[in-house]
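In what follows, a single structure is set out as structure tokens and then discussed.
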Amino acid sequence: MEGLRAEKLHTKALPYPFTSKEVFEQSMRVPIGPEFNPATAIGPLNRPEVLKRAGVIIKPIEFKEVNPHEKAEQRSGDKHKSKKSKDNGGKPIKKTKVKGKS
């Protein structure tokens, strides 16, 4: 019965930074906490990955639907589409060169 309960806690695949099962298991055996580590080591072990000052606005992630079957060359062409203007009735704006300026 205990084997079935413990089975739920096992991972199906290795987490990202680990390349072998042995290295992952070794990292899980290392205890984290003030009882086992000196005070100077606990800070870096528990430090968050992203640090922001209080009051700083964090820009939200933009969601973009991507077709996984589409090739990368086709997706990069989307970035160079012409901009549409609201004053021009939604028609694309053409860029023209001005004489005397480069």
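Residue numbering restarts at 1 in every chain; chains get A, B, ... in the order shown in the structure tokens, and ligands count up from 1 in that same order.
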
10 Å contact set for Gly33 (chain A), only C-alpha atoms, chain neighbours under 5 positions out, as a short mmCIF file (atom, residue, chain, number, x, y, z; two decimals) with C-alpha atoms, in the first residue's frame:
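Saved file part.cif follows:
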```cif
data_model
loop_
_atom_site.label_atom_id
_atom_site.label_comp_id
_atom_site.auth_asym_id
_atom_site.auth_seq_id
_atom_site.Cartn_x
_atom_site.Cartn_y
_atom_site.Cartn_z
CA PRO A 38 24.81 27.90 7.96
CA ALA A 39 22.91 31.21 7.92
CA ALA A 41 24.06 29.64 2.80
CA ILE A 42 20.30 29.77 3.47
CA GLY A 43 19.82 33.20 1.85
CA LEU A 45 19.20 28.86 -1.44
CA ASN A 46 15.84 30.56 -0.76
#
```

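CA of Val30 (chain A) is positioned 20.0 Å from CA of Ala13 (chain A).
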
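Reported to one decimal place, the separation of CA of Pro48 (chain A) from CA of Pro60 (chain A) is 18.5 Å.
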
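The two atoms in question, CA of Phe24 (chain A) and CA of His10 (chain A), are spaced 11.8 Å apart.
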